[in-house]
file entry-v4.pdb (PDB, C-alpha atoms)
MODEL        1
ATOM      1  CA  MET A  27    -141.781  21.995  62.968  1.00  0.00           C
ATOM      2  CA  GLN A  28    -138.857  23.350  60.970  1.00  0.00           C
ATOM      3  CA  LYS A  29    -138.379  27.087  60.918  1.00  0.00           C
ATOM      4  CA  ASN A  30    -139.894  28.594  57.813  1.00  0.00           C
ATOM      5  CA  THR A  31    -137.106  30.701  56.380  1.00  0.00           C
ATOM      6  CA  SER A  32    -139.014  31.331  53.154  1.00  0.00           C
ATOM      7  CA  ILE A  33    -141.697  33.284  54.988  1.00  0.00           C
ATOM      8  CA  VAL A  34    -139.473  36.360  55.076  1.00  0.00           C
ATOM      9  CA  ASN A  35    -138.681  38.182  51.879  1.00  0.00           C
ATOM     10  CA  ASN A  36    -134.937  38.794  51.566  1.00  0.00           C
ATOM     11  CA  SER A  37    -135.578  42.297  50.277  1.00  0.00           C
ATOM     12  CA  SER A  38    -137.045  43.279  53.612  1.00  0.00           C
ATOM     13  CA  GLU A  39    -134.879  44.029  56.627  1.00  0.00           C
ATOM     14  CA  LYS A  40    -137.710  43.192  58.983  1.00  0.00           C
ATOM     15  CA  LEU A  41    -137.378  39.561  60.062  1.00  0.00           C
ATOM     16  CA  ILE A  42    -139.926  37.356  61.735  1.00  0.00           C
ATOM     17  CA  GLY A  43    -138.702  35.433  64.767  1.00  0.00           C
ATOM     18  CA  GLU A  44    -139.949  32.256  66.391  1.00  0.00           C
ATOM     19  CA  SER A  45    -142.332  34.296  68.531  1.00  0.00           C
ATOM     20  CA  GLY A  46    -144.034  35.559  65.390  1.00  0.00           C
ATOM     21  CA  PHE A  47    -143.136  39.220  65.896  1.00  0.00           C
ATOM     22  CA  LEU A  48    -140.718  41.548  64.194  1.00  0.00           C
ATOM     23  CA  ASN A  49    -137.220  41.329  65.656  1.00  0.00           C
ATOM     24  CA  ASP A  50    -136.355  44.944  64.854  1.00  0.00           C
ATOM     25  CA  GLN A  51    -137.250  46.754  68.084  1.00  0.00           C
ATOM     26  CA  ASP A  52    -137.473  50.061  66.228  1.00  0.00           C
ATOM     27  CA  HIS A  53    -140.466  48.766  64.270  1.00  0.00           C
ATOM     28  CA  LEU A  54    -142.341  47.234  67.196  1.00  0.00           C
ATOM     29  CA  SER A  55    -143.750  50.640  68.114  1.00  0.00           C
ATOM     30  CA  LYS A  56    -144.927  51.148  64.519  1.00  0.00           C
ATOM     31  CA  ILE A  57    -147.212  48.129  64.407  1.00  0.00           C
ATOM     32  CA  MET A  58    -150.898  48.742  63.733  1.00  0.00           C
ATOM     33  CA  LYS A  59    -153.026  46.516  65.946  1.00  0.00           C
ATOM     34  CA  LYS A  60    -155.835  44.429  64.426  1.00  0.00           C
ATOM     35  CA  ALA A  61    -155.271  45.974  61.004  1.00  0.00           C
ATOM     36  CA  PHE A  62    -156.549  42.916  59.124  1.00  0.00           C
ATOM     37  CA  HIS A  63    -159.513  40.697  59.922  1.00  0.00           C
ATOM     38  CA  LEU A  64    -159.372  37.081  58.725  1.00  0.00           C
ATOM     39  CA  VAL A  65    -162.251  34.686  58.119  1.00  0.00           C
ATOM     40  CA  VAL A  66    -160.927  31.125  57.791  1.00  0.00           C
ATOM     41  CA  LYS A  67    -163.321  28.470  56.458  1.00  0.00           C
ATOM     42  CA  THR A  68    -162.570  24.799  57.088  1.00  0.00           C
ATOM     43  CA  GLY A  69    -163.951  22.277  54.595  1.00  0.00           C
ATOM     44  CA  ASP A  70    -166.842  19.902  55.257  1.00  0.00           C
ATOM     45  CA  GLN A  71    -164.974  16.764  54.177  1.00  0.00           C
ATOM     46  CA  GLU A  72    -164.587  13.949  56.678  1.00  0.00           C
ATOM     47  CA  GLY A  73    -161.539  14.666  58.809  1.00  0.00           C
ATOM     48  CA  ALA A  74    -161.213  18.242  57.523  1.00  0.00           C
ATOM     49  CA  GLY A  75    -160.825  19.763  61.006  1.00  0.00           C
ATOM     50  CA  THR A  76    -157.426  19.956  62.664  1.00  0.00           C
ATOM     51  CA  ASP A  77    -155.754  20.094  66.072  1.00  0.00           C
ATOM     52  CA  ALA A  78    -152.466  21.260  64.549  1.00  0.00           C
ATOM     53  CA  ASN A  79    -150.969  24.725  64.845  1.00  0.00           C
ATOM     54  CA  VAL A  80    -151.737  26.776  61.729  1.00  0.00           C
ATOM     55  CA  TYR A  81    -149.826  29.943  60.836  1.00  0.00           C
ATOM     56  CA  VAL A  82    -150.615  32.833  58.478  1.00  0.00           C
ATOM     57  CA  VAL A  83    -148.444  35.658  57.134  1.00  0.00           C
ATOM     58  CA  LEU A  84    -149.546  38.437  54.757  1.00  0.00           C
ATOM     59  CA  GLU A  85    -147.153  40.076  52.303  1.00  0.00           C
ATOM     60  CA  ASP A  86    -147.591  43.270  50.317  1.00  0.00           C
ATOM     61  CA  GLU A  87    -146.392  44.232  46.824  1.00  0.00           C
ATOM     62  CA  ASN A  88    -143.087  45.538  48.204  1.00  0.00           C
ATOM     63  CA  GLY A  89    -142.187  42.366  50.084  1.00  0.00           C
ATOM     64  CA  LEU A  90    -143.104  43.763  53.512  1.00  0.00           C
ATOM     65  CA  VAL A  91    -144.609  41.101  55.769  1.00  0.00           C
ATOM     66  CA  THR A  92    -146.904  41.034  58.791  1.00  0.00           C
ATOM     67  CA  PRO A  93    -145.996  39.244  62.011  1.00  0.00           C
ATOM     68  CA  LYS A  94    -146.462  35.488  61.788  1.00  0.00           C
ATOM     69  CA  VAL A  95    -149.817  34.720  63.405  1.00  0.00           C
ATOM     70  CA  LYS A  96    -150.905  31.444  64.940  1.00  0.00           C
ATOM     71  CA  LEU A  97    -154.615  30.796  64.332  1.00  0.00           C
ATOM     72  CA  ASP A  98    -155.539  30.053  67.909  1.00  0.00           C
ATOM     73  CA  LYS A  99    -158.026  31.572  70.348  1.00  0.00           C
ATOM     74  CA  ILE A 100    -158.034  30.942  74.096  1.00  0.00           C
ATOM     75  CA  LEU A 101    -160.591  28.397  75.350  1.00  0.00           C
ATOM     76  CA  TYR A 102    -161.869  27.772  71.838  1.00  0.00           C
ATOM     77  CA  ASN A 103    -161.672  24.761  69.532  1.00  0.00           C
ATOM     78  CA  ASP A 104    -160.277  26.296  66.336  1.00  0.00           C
ATOM     79  CA  LEU A 105    -160.503  25.120  62.733  1.00  0.00           C
ATOM     80  CA  GLU A 106    -163.062  22.381  63.109  1.00  0.00           C
ATOM     81  CA  ARG A 107    -165.028  20.820  60.256  1.00  0.00           C
ATOM     82  CA  SER A 108    -167.378  23.201  58.374  1.00  0.00           C
ATOM     83  CA  LYS A 109    -166.651  26.090  60.749  1.00  0.00           C
ATOM     84  CA  ARG A 110    -165.779  29.713  59.981  1.00  0.00           C
ATOM     85  CA  ASP A 111    -163.269  31.159  62.402  1.00  0.00           C
ATOM     86  CA  THR A 112    -162.171  34.776  62.698  1.00  0.00           C
ATOM     87  CA  TYR A 113    -158.779  36.214  63.652  1.00  0.00           C
ATOM     88  CA  ASN A 114    -156.967  39.552  63.658  1.00  0.00           C
ATOM     89  CA  ILE A 115    -153.524  40.346  62.248  1.00  0.00           C
ATOM     90  CA  ASP A 116    -151.295  43.304  63.080  1.00  0.00           C
ATOM     91  CA  CYS A 117    -149.153  44.976  60.441  1.00  0.00           C
ATOM     92  CA  PRO A 118    -146.458  47.665  60.020  1.00  0.00           C
ATOM     93  CA  THR A 119    -147.814  51.173  59.461  1.00  0.00           C
ATOM     94  CA  ASP A 120    -146.269  51.326  55.973  1.00  0.00           C
ATOM     95  CA  PHE A 121    -147.766  47.987  54.903  1.00  0.00           C
ATOM     96  CA  GLY A 122    -149.419  48.301  51.466  1.00  0.00           C
ATOM     97  CA  LYS A 123    -151.965  46.188  49.632  1.00  0.00           C
ATOM     98  CA  VAL A 124    -152.009  42.457  50.309  1.00  0.00           C
ATOM     99  CA  LYS A 125    -150.415  40.531  47.454  1.00  0.00           C
ATOM    100  CA  TYR A 126    -149.628  37.129  48.950  1.00  0.00           C
ATOM    101  CA  LEU A 127    -150.886  34.948  51.755  1.00  0.00           C
ATOM    102  CA  ARG A 128    -148.478  32.429  53.286  1.00  0.00           C
ATOM    103  CA  LEU A 129    -149.940  29.414  55.037  1.00  0.00           C
ATOM    104  CA  SER A 130    -148.302  26.594  57.005  1.00  0.00           C
ATOM    105  CA  ARG A 131    -149.047  24.107  59.765  1.00  0.00           C
ATOM    106  CA  ASP A 132    -147.269  21.594  61.977  1.00  0.00           C
ATOM    107  CA  THR A 133    -148.118  18.035  63.077  1.00  0.00           C
ATOM    108  CA  LYS A 134    -149.140  18.773  66.662  1.00  0.00           C
ATOM    109  CA  GLY A 135    -152.336  17.305  68.080  1.00  0.00           C
ATOM    110  CA  ILE A 136    -154.133  13.997  67.688  1.00  0.00           C
ATOM    111  CA  ALA A 137    -155.634  14.808  64.270  1.00  0.00           C
ATOM    112  CA  ASP A 138    -153.399  17.223  62.376  1.00  0.00           C
ATOM    113  CA  ASP A 139    -154.903  16.898  58.869  1.00  0.00           C
ATOM    114  CA  TRP A 140    -156.612  20.067  57.653  1.00  0.00           C
ATOM    115  CA  PHE A 141    -158.667  20.949  54.581  1.00  0.00           C
ATOM    116  CA  CYS A 142    -159.003  24.698  54.089  1.00  0.00           C
ATOM    117  CA  ASP A 143    -161.795  26.034  51.869  1.00  0.00           C
ATOM    118  CA  TYR A 144    -160.847  29.694  51.761  1.00  0.00           C
ATOM    119  CA  ILE A 145    -159.410  32.630  53.675  1.00  0.00           C
ATOM    120  CA  HIS A 146    -161.116  36.011  53.479  1.00  0.00           C
ATOM    121  CA  VAL A 147    -158.987  39.047  54.428  1.00  0.00           C
ATOM    122  CA  GLU A 148    -160.528  42.400  55.301  1.00  0.00           C
ATOM    123  CA  ASP A 149    -158.362  45.503  55.557  1.00  0.00           C
ATOM    124  CA  ARG A 150    -159.689  47.466  58.525  1.00  0.00           C
ATOM    125  CA  ARG A 151    -157.281  50.374  58.064  1.00  0.00           C
ATOM    126  CA  LYS A 152    -159.538  51.914  55.421  1.00  0.00           C
ATOM    127  CA  PRO A 153    -160.246  55.622  55.977  1.00  0.00           C
ATOM    128  CA  LYS A 154    -163.216  56.410  58.155  1.00  0.00           C
ATOM    129  CA  LYS A 155    -165.183  59.639  58.235  1.00  0.00           C
ATOM    130  CA  LYS A 156    -164.599  61.622  61.376  1.00  0.00           C
ATOM    131  CA  THR A 157    -167.664  63.535  62.518  1.00  0.00           C
ATOM    132  CA  SER A 158    -167.050  67.193  63.208  1.00  0.00           C
ATOM    133  CA  LYS A 159    -169.039  69.096  65.833  1.00  0.00           C
ATOM    134  CA  ASP A 160    -168.786  72.167  63.660  1.00  0.00           C
ATOM    135  CA  HIS A 161    -171.365  71.483  60.926  1.00  0.00           C
ATOM    136  CA  THR A 162    -169.966  74.274  58.787  1.00  0.00           C
ATOM    137  CA  LYS A 163    -166.787  72.225  58.213  1.00  0.00           C
ATOM    138  CA  LYS A 164    -166.500  69.197  55.953  1.00  0.00           C
ATOM    139  CA  SER A 165    -165.828  65.836  57.616  1.00  0.00           C
ATOM    140  CA  THR A 166    -162.222  64.664  57.491  1.00  0.00           C
ATOM    141  CA  LYS A 167    -160.751  61.223  56.924  1.00  0.00           C
ATOM    142  CA  ASN A 168    -158.943  59.326  59.637  1.00  0.00           C
ATOM    143  CA  PHE A 169    -156.179  57.092  58.256  1.00  0.00           C
ATOM    144  CA  LEU A 170    -155.471  55.459  61.652  1.00  0.00           C
ATOM    145  CA  GLY A 171    -151.789  56.342  61.423  1.00  0.00           C
ATOM    146  CA  SER A 172    -151.189  54.449  58.168  1.00  0.00           C
ATOM    147  CA  THR A 173    -148.845  56.457  55.934  1.00  0.00           C
ATOM    148  CA  TYR A 174    -149.581  54.115  53.031  1.00  0.00           C
ATOM    149  CA  LEU A 175    -153.338  54.718  53.092  1.00  0.00           C
ATOM    150  CA  LYS A 176    -152.864  58.449  53.455  1.00  0.00           C
ATOM    151  CA  GLU A 177    -150.766  58.573  50.287  1.00  0.00           C
ATOM    152  CA  ASN A 178    -152.872  56.071  48.311  1.00  0.00           C
ATOM    153  CA  SER A 179    -156.421  56.742  49.513  1.00  0.00           C
ATOM    154  CA  ALA A 180    -157.762  56.928  45.949  1.00  0.00           C
ATOM    155  CA  GLN A 181    -156.597  53.374  45.241  1.00  0.00           C
ATOM    156  CA  GLU A 182    -157.685  51.769  48.509  1.00  0.00           C
ATOM    157  CA  LYS A 183    -158.814  48.143  48.532  1.00  0.00           C
ATOM    158  CA  SER A 184    -160.407  46.640  51.614  1.00  0.00           C
ATOM    159  CA  VAL A 185    -161.283  43.025  50.767  1.00  0.00           C
ATOM    160  CA  TYR A 186    -159.061  40.169  49.583  1.00  0.00           C
ATOM    161  CA  PHE A 187    -160.147  36.621  48.822  1.00  0.00           C
ATOM    162  CA  PHE A 188    -157.882  33.564  48.792  1.00  0.00           C
ATOM    163  CA  PRO A 189    -159.592  30.335  47.653  1.00  0.00           C
ATOM    164  CA  ILE A 190    -157.511  27.449  49.030  1.00  0.00           C
ATOM    165  CA  HIS A 191    -159.625  24.306  48.391  1.00  0.00           C
ATOM    166  CA  ARG A 192    -156.965  21.777  49.360  1.00  0.00           C
ATOM    167  CA  TRP A 193    -155.494  19.676  52.123  1.00  0.00           C
ATOM    168  CA  ILE A 194    -152.683  21.596  53.795  1.00  0.00           C
ATOM    169  CA  ALA A 195    -149.640  19.373  54.289  1.00  0.00           C
ATOM    170  CA  PRO A 196    -147.131  19.984  57.108  1.00  0.00           C
ATOM    171  CA  THR A 197    -144.204  19.428  54.745  1.00  0.00           C
ATOM    172  CA  HIS A 198    -144.863  22.582  52.692  1.00  0.00           C
ATOM    173  CA  ASP A 199    -145.062  26.321  53.210  1.00  0.00           C
ATOM    174  CA  TYR A 200    -147.846  27.502  50.899  1.00  0.00           C
ATOM    175  CA  LEU A 201    -147.852  30.793  49.016  1.00  0.00           C
ATOM    176  CA  PHE A 202    -151.130  32.002  47.484  1.00  0.00           C
ATOM    177  CA  HIS A 203    -151.993  34.856  45.120  1.00  0.00           C
ATOM    178  CA  GLU A 204    -155.306  36.614  45.567  1.00  0.00           C
ATOM    179  CA  TYR A 205    -158.013  34.537  43.830  1.00  0.00           C
ATOM    180  CA  ALA A 206    -155.317  31.847  43.291  1.00  0.00           C
ATOM    181  CA  VAL A 207    -155.393  32.554  39.546  1.00  0.00           C
ATOM    182  CA  CYS A 208    -152.270  31.545  37.615  1.00  0.00           C
ATOM    183  CA  LEU A 209    -151.061  29.085  35.021  1.00  0.00           C
ATOM    184  CA  PRO A 210    -149.609  25.835  36.425  1.00  0.00           C
ATOM    185  CA  GLN A 211    -146.085  26.757  35.318  1.00  0.00           C
ATOM    186  CA  HIS A 212    -146.395  30.095  37.147  1.00  0.00           C
ATOM    187  CA  ASP A 213    -147.691  28.616  40.381  1.00  0.00           C
ATOM    188  CA  PRO A 214    -145.681  30.091  43.296  1.00  0.00           C
ATOM    189  CA  CYS A 215    -146.287  26.799  45.140  1.00  0.00           C
ATOM    190  CA  LEU A 216    -144.751  24.307  42.708  1.00  0.00           C
ATOM    191  CA  ASP A 217    -143.595  21.767  45.296  1.00  0.00           C
ATOM    192  CA  PRO A 218    -147.055  21.268  46.876  1.00  0.00           C
ATOM    193  CA  ARG A 219    -148.607  21.068  43.386  1.00  0.00           C
ATOM    194  CA  LYS A 220    -146.148  18.334  42.336  1.00  0.00           C
ATOM    195  CA  ALA A 221    -146.741  16.468  45.599  1.00  0.00           C
ATOM    196  CA  ASP A 222    -150.522  16.576  45.058  1.00  0.00           C
ATOM    197  CA  LEU A 223    -150.148  15.249  41.499  1.00  0.00           C
ATOM    198  CA  GLU A 224    -147.892  12.408  42.653  1.00  0.00           C
ATOM    199  CA  TRP A 225    -150.406  11.488  45.349  1.00  0.00           C
ATOM    200  CA  LYS A 226    -153.225  11.359  42.798  1.00  0.00           C
ATOM    201  CA  ARG A 227    -151.123   9.230  40.443  1.00  0.00           C
ATOM    202  CA  SER A 228    -150.387   6.746  43.211  1.00  0.00           C
ATOM    203  CA  THR A 229    -153.970   6.736  44.523  1.00  0.00           C
ATOM    204  CA  TYR A 230    -155.992   6.499  41.310  1.00  0.00           C
ATOM    205  CA  ASN A 231    -154.407   3.476  39.657  1.00  0.00           C
ATOM    206  CA  TYR A 232    -155.813   2.039  36.436  1.00  0.00           C
ATOM    207  CA  ILE A 233    -156.631  -1.604  35.859  1.00  0.00           C
ATOM    208  CA  VAL A 234    -157.799  -3.619  32.844  1.00  0.00           C
ATOM    209  CA  HIS A 235    -160.081  -6.441  33.991  1.00  0.00           C
ATOM    210  CA  ALA A 236    -160.072  -8.266  30.657  1.00  0.00           C
ATOM    211  CA  GLU A 237    -158.091  -8.049  27.451  1.00  0.00           C
ATOM    212  CA  GLY A 238    -159.628  -5.566  25.040  1.00  0.00           C
ATOM    213  CA  MET A 239    -161.688  -3.857  27.754  1.00  0.00           C
ATOM    214  CA  VAL A 240    -161.419  -0.184  28.694  1.00  0.00           C
ATOM    215  CA  ALA A 241    -159.074   0.637  31.571  1.00  0.00           C
ATOM    216  CA  GLN A 242    -160.821   1.549  34.813  1.00  0.00           C
ATOM    217  CA  VAL A 243    -159.776   3.270  38.011  1.00  0.00           C
ATOM    218  CA  CYS A 244    -159.530   0.670  40.740  1.00  0.00           C
ATOM    219  CA  GLY A 245    -159.928   0.764  44.491  1.00  0.00           C
ATOM    220  CA  VAL A 246    -160.395   4.265  45.830  1.00  0.00           C
ATOM    221  CA  PHE A 247    -162.626   5.570  43.033  1.00  0.00           C
ATOM    222  CA  CYS A 248    -165.133   2.758  43.488  1.00  0.00           C
ATOM    223  CA  ILE A 249    -165.215   3.265  47.249  1.00  0.00           C
ATOM    224  CA  SER A 250    -165.647   7.039  46.844  1.00  0.00           C
ATOM    225  CA  LEU A 251    -168.424   6.564  44.285  1.00  0.00           C
ATOM    226  CA  THR A 252    -170.234   4.181  46.631  1.00  0.00           C
ATOM    227  CA  CYS A 253    -169.963   6.663  49.520  1.00  0.00           C
ATOM    228  CA  TYR A 254    -171.358   9.514  47.413  1.00  0.00           C
ATOM    229  CA  THR A 255    -174.185   7.280  46.163  1.00  0.00           C
ATOM    230  CA  LEU A 256    -175.145   6.271  49.701  1.00  0.00           C
ATOM    231  CA  ALA A 257    -175.002   9.879  50.908  1.00  0.00           C
ATOM    232  CA  TYR A 258    -177.202  11.050  48.012  1.00  0.00           C
ATOM    233  CA  SER A 259    -179.726   8.256  48.637  1.00  0.00           C
ATOM    234  CA  SER A 260    -179.865   9.164  52.332  1.00  0.00           C
ATOM    235  CA  LEU A 261    -180.503  12.812  51.451  1.00  0.00           C
ATOM    236  CA  LEU A 262    -183.381  11.872  49.135  1.00  0.00           C
ATOM    237  CA  GLN A 263    -184.965   9.713  51.847  1.00  0.00           C
ATOM    238  CA  GLU A 264    -184.835  12.608  54.321  1.00  0.00           C
ATOM    239  CA  ARG A 265    -186.490  15.004  51.874  1.00  0.00           C
ATOM    240  CA  PHE A 266    -189.177  12.657  50.602  1.00  0.00           C
TER
ENDMDL
END

call {"tool": "encode", "arguments": {"input": "entry-v4.pdb", "output": "C-alpha cells"}}
result
Amino acid sequence: MQKNTSIVNNSSEKLIGESGFLNDQDHLSKIMKKAFHLVVKTGDQEGAGTDANVYVVLEDENGLVTPKVKLDKILYNDLERSKRDTYNIDCPTDFGKVKYLRLSRDTKGIADDWFCDYIHVEDRRKPKKKTSKDHTKKSTKNFLGSTYLKENSAQEKSVYFFPIHRWIAPTHDYLFHEYAVCLPQHDPCLDPRKADLEWKRSTYNYIVHAEGMVAQVCGVFCISLTCYTLAYSSLLQERF
C-alpha cells in the first residue's frame, strides 16, 4: 500500500508516520487515550465484508489530525458483512471538533473488497460532572485534560455521523464531511466520484434490440433485477 501523504494537513506540524502515531515526541505525552469511540457498520451486500487493512483518521476544523488507526482487534474477525464493529481513537489534547473523516484500505487478505454503510463517531471527552463529598458545594466539570473543551464547553458536540454507502477502493484515500452533504462540484473526494461514474458507465451499457425500439440496459441490470425478484419471492414464501 502506498503511503498516504494526503492524510496529513500541511498546515499542521504534527506528522503521522507509518506506525500511525505522531512523530513529534513532544506531543506523544499530550495524547488523550480513547478520546473518540467509533461504530463502523459494514453493508449487507454480497461480498461486503473485507479481510483488508482499513485505516481511519479524524481531522478537526484547524487541520489537526488524530493518529492513523488501523481498524483491527486481536483475535476478532473485523468488518464482516452486516456487522457493527467498535474501535477507539486517541487524539491530541488540543484537538477540536471533528470536521473530516479520512478512510483508506489496502489489498491484503483473500477478499479485500469492502462496502461501508456508515461510521458513527462519539466524542468521549465531553465534560462529566464530578461528585463532591461536600453537598454544600456545587458539582464541578471534569474536562479530562482537554484544553479545547475547557475553553469551548458551551459549544460542545459529542456525536458525529458519516454516511459512507459505497464500496471503498484501495486506489483512493477518501475524505468525508459530516453527513456527507455537498454539491458534486464541491465534493472533497472528486477522484473516487469520477471513478465510480466511469465504472457505472462501463457496467450499465445500453442496447437497442430493434430499430425504433427504446434503448434498454443490457447484461448486469437484467441479472440484478432477476436476483432481487428471486430474493423478494423467497421472502414472501417464508412469511406466508

call {"tool": "residues_near_point", "arguments": {"input": "entry-v4.pdb", "point": "(-150.0, 22.5, 66.7)", "cutoff": "10 Å", "atoms": "all atoms listed in the file", "output": "list in words"}}
result
Met27, Thr76, Asp77, Ala78, Asn79, Val80, Tyr81, Lys96, Leu97, Asp98, Arg131, Asp132, Thr133, Lys134, Gly135, Ile136, Ala137 and Asp138 of chain A

call {"tool": "resolve_selection", "arguments": {"input": "entry-v4.pdb", "expression": "the PyMOL selection byres ((chain A and resi 205-221) around 12)", "output": "JSON, numbers by chain"}}
result
{"A": [32, 124, 125, 126, 127, 128, 129, 130, 144, 145, 146, 147, 185, 186, 187, 188, 189, 190, 191, 192, 193, 194, 195, 196, 197, 198, 199, 200, 201, 202, 203, 204, 222, 223, 224, 225, 226, 227, 228]}

call {"tool": "closest_residue", "arguments": {"input": "entry-v4.pdb", "among": "A:Met58, A:Leu105, A:Ala236, A:Leu84", "to": "Phe141 in chain A", "atoms": "all atoms listed in the file"}}
result
A:Leu105

call {"tool": "atom_distance", "arguments": {"input": "entry-v4.pdb", "atom1": "CA of Glu148 in chain A", "atom2": "CA of Asp104 in chain A"}}
result
19.5 Å

call {"tool": "closest_residue", "arguments": {"input": "entry-v4.pdb", "among": "A:Thr229, A:Gln242, A:Asn88, A:Asn114", "to": "Val66 in chain A", "atoms": "all atoms listed in the file"}}
result
A:Asn114
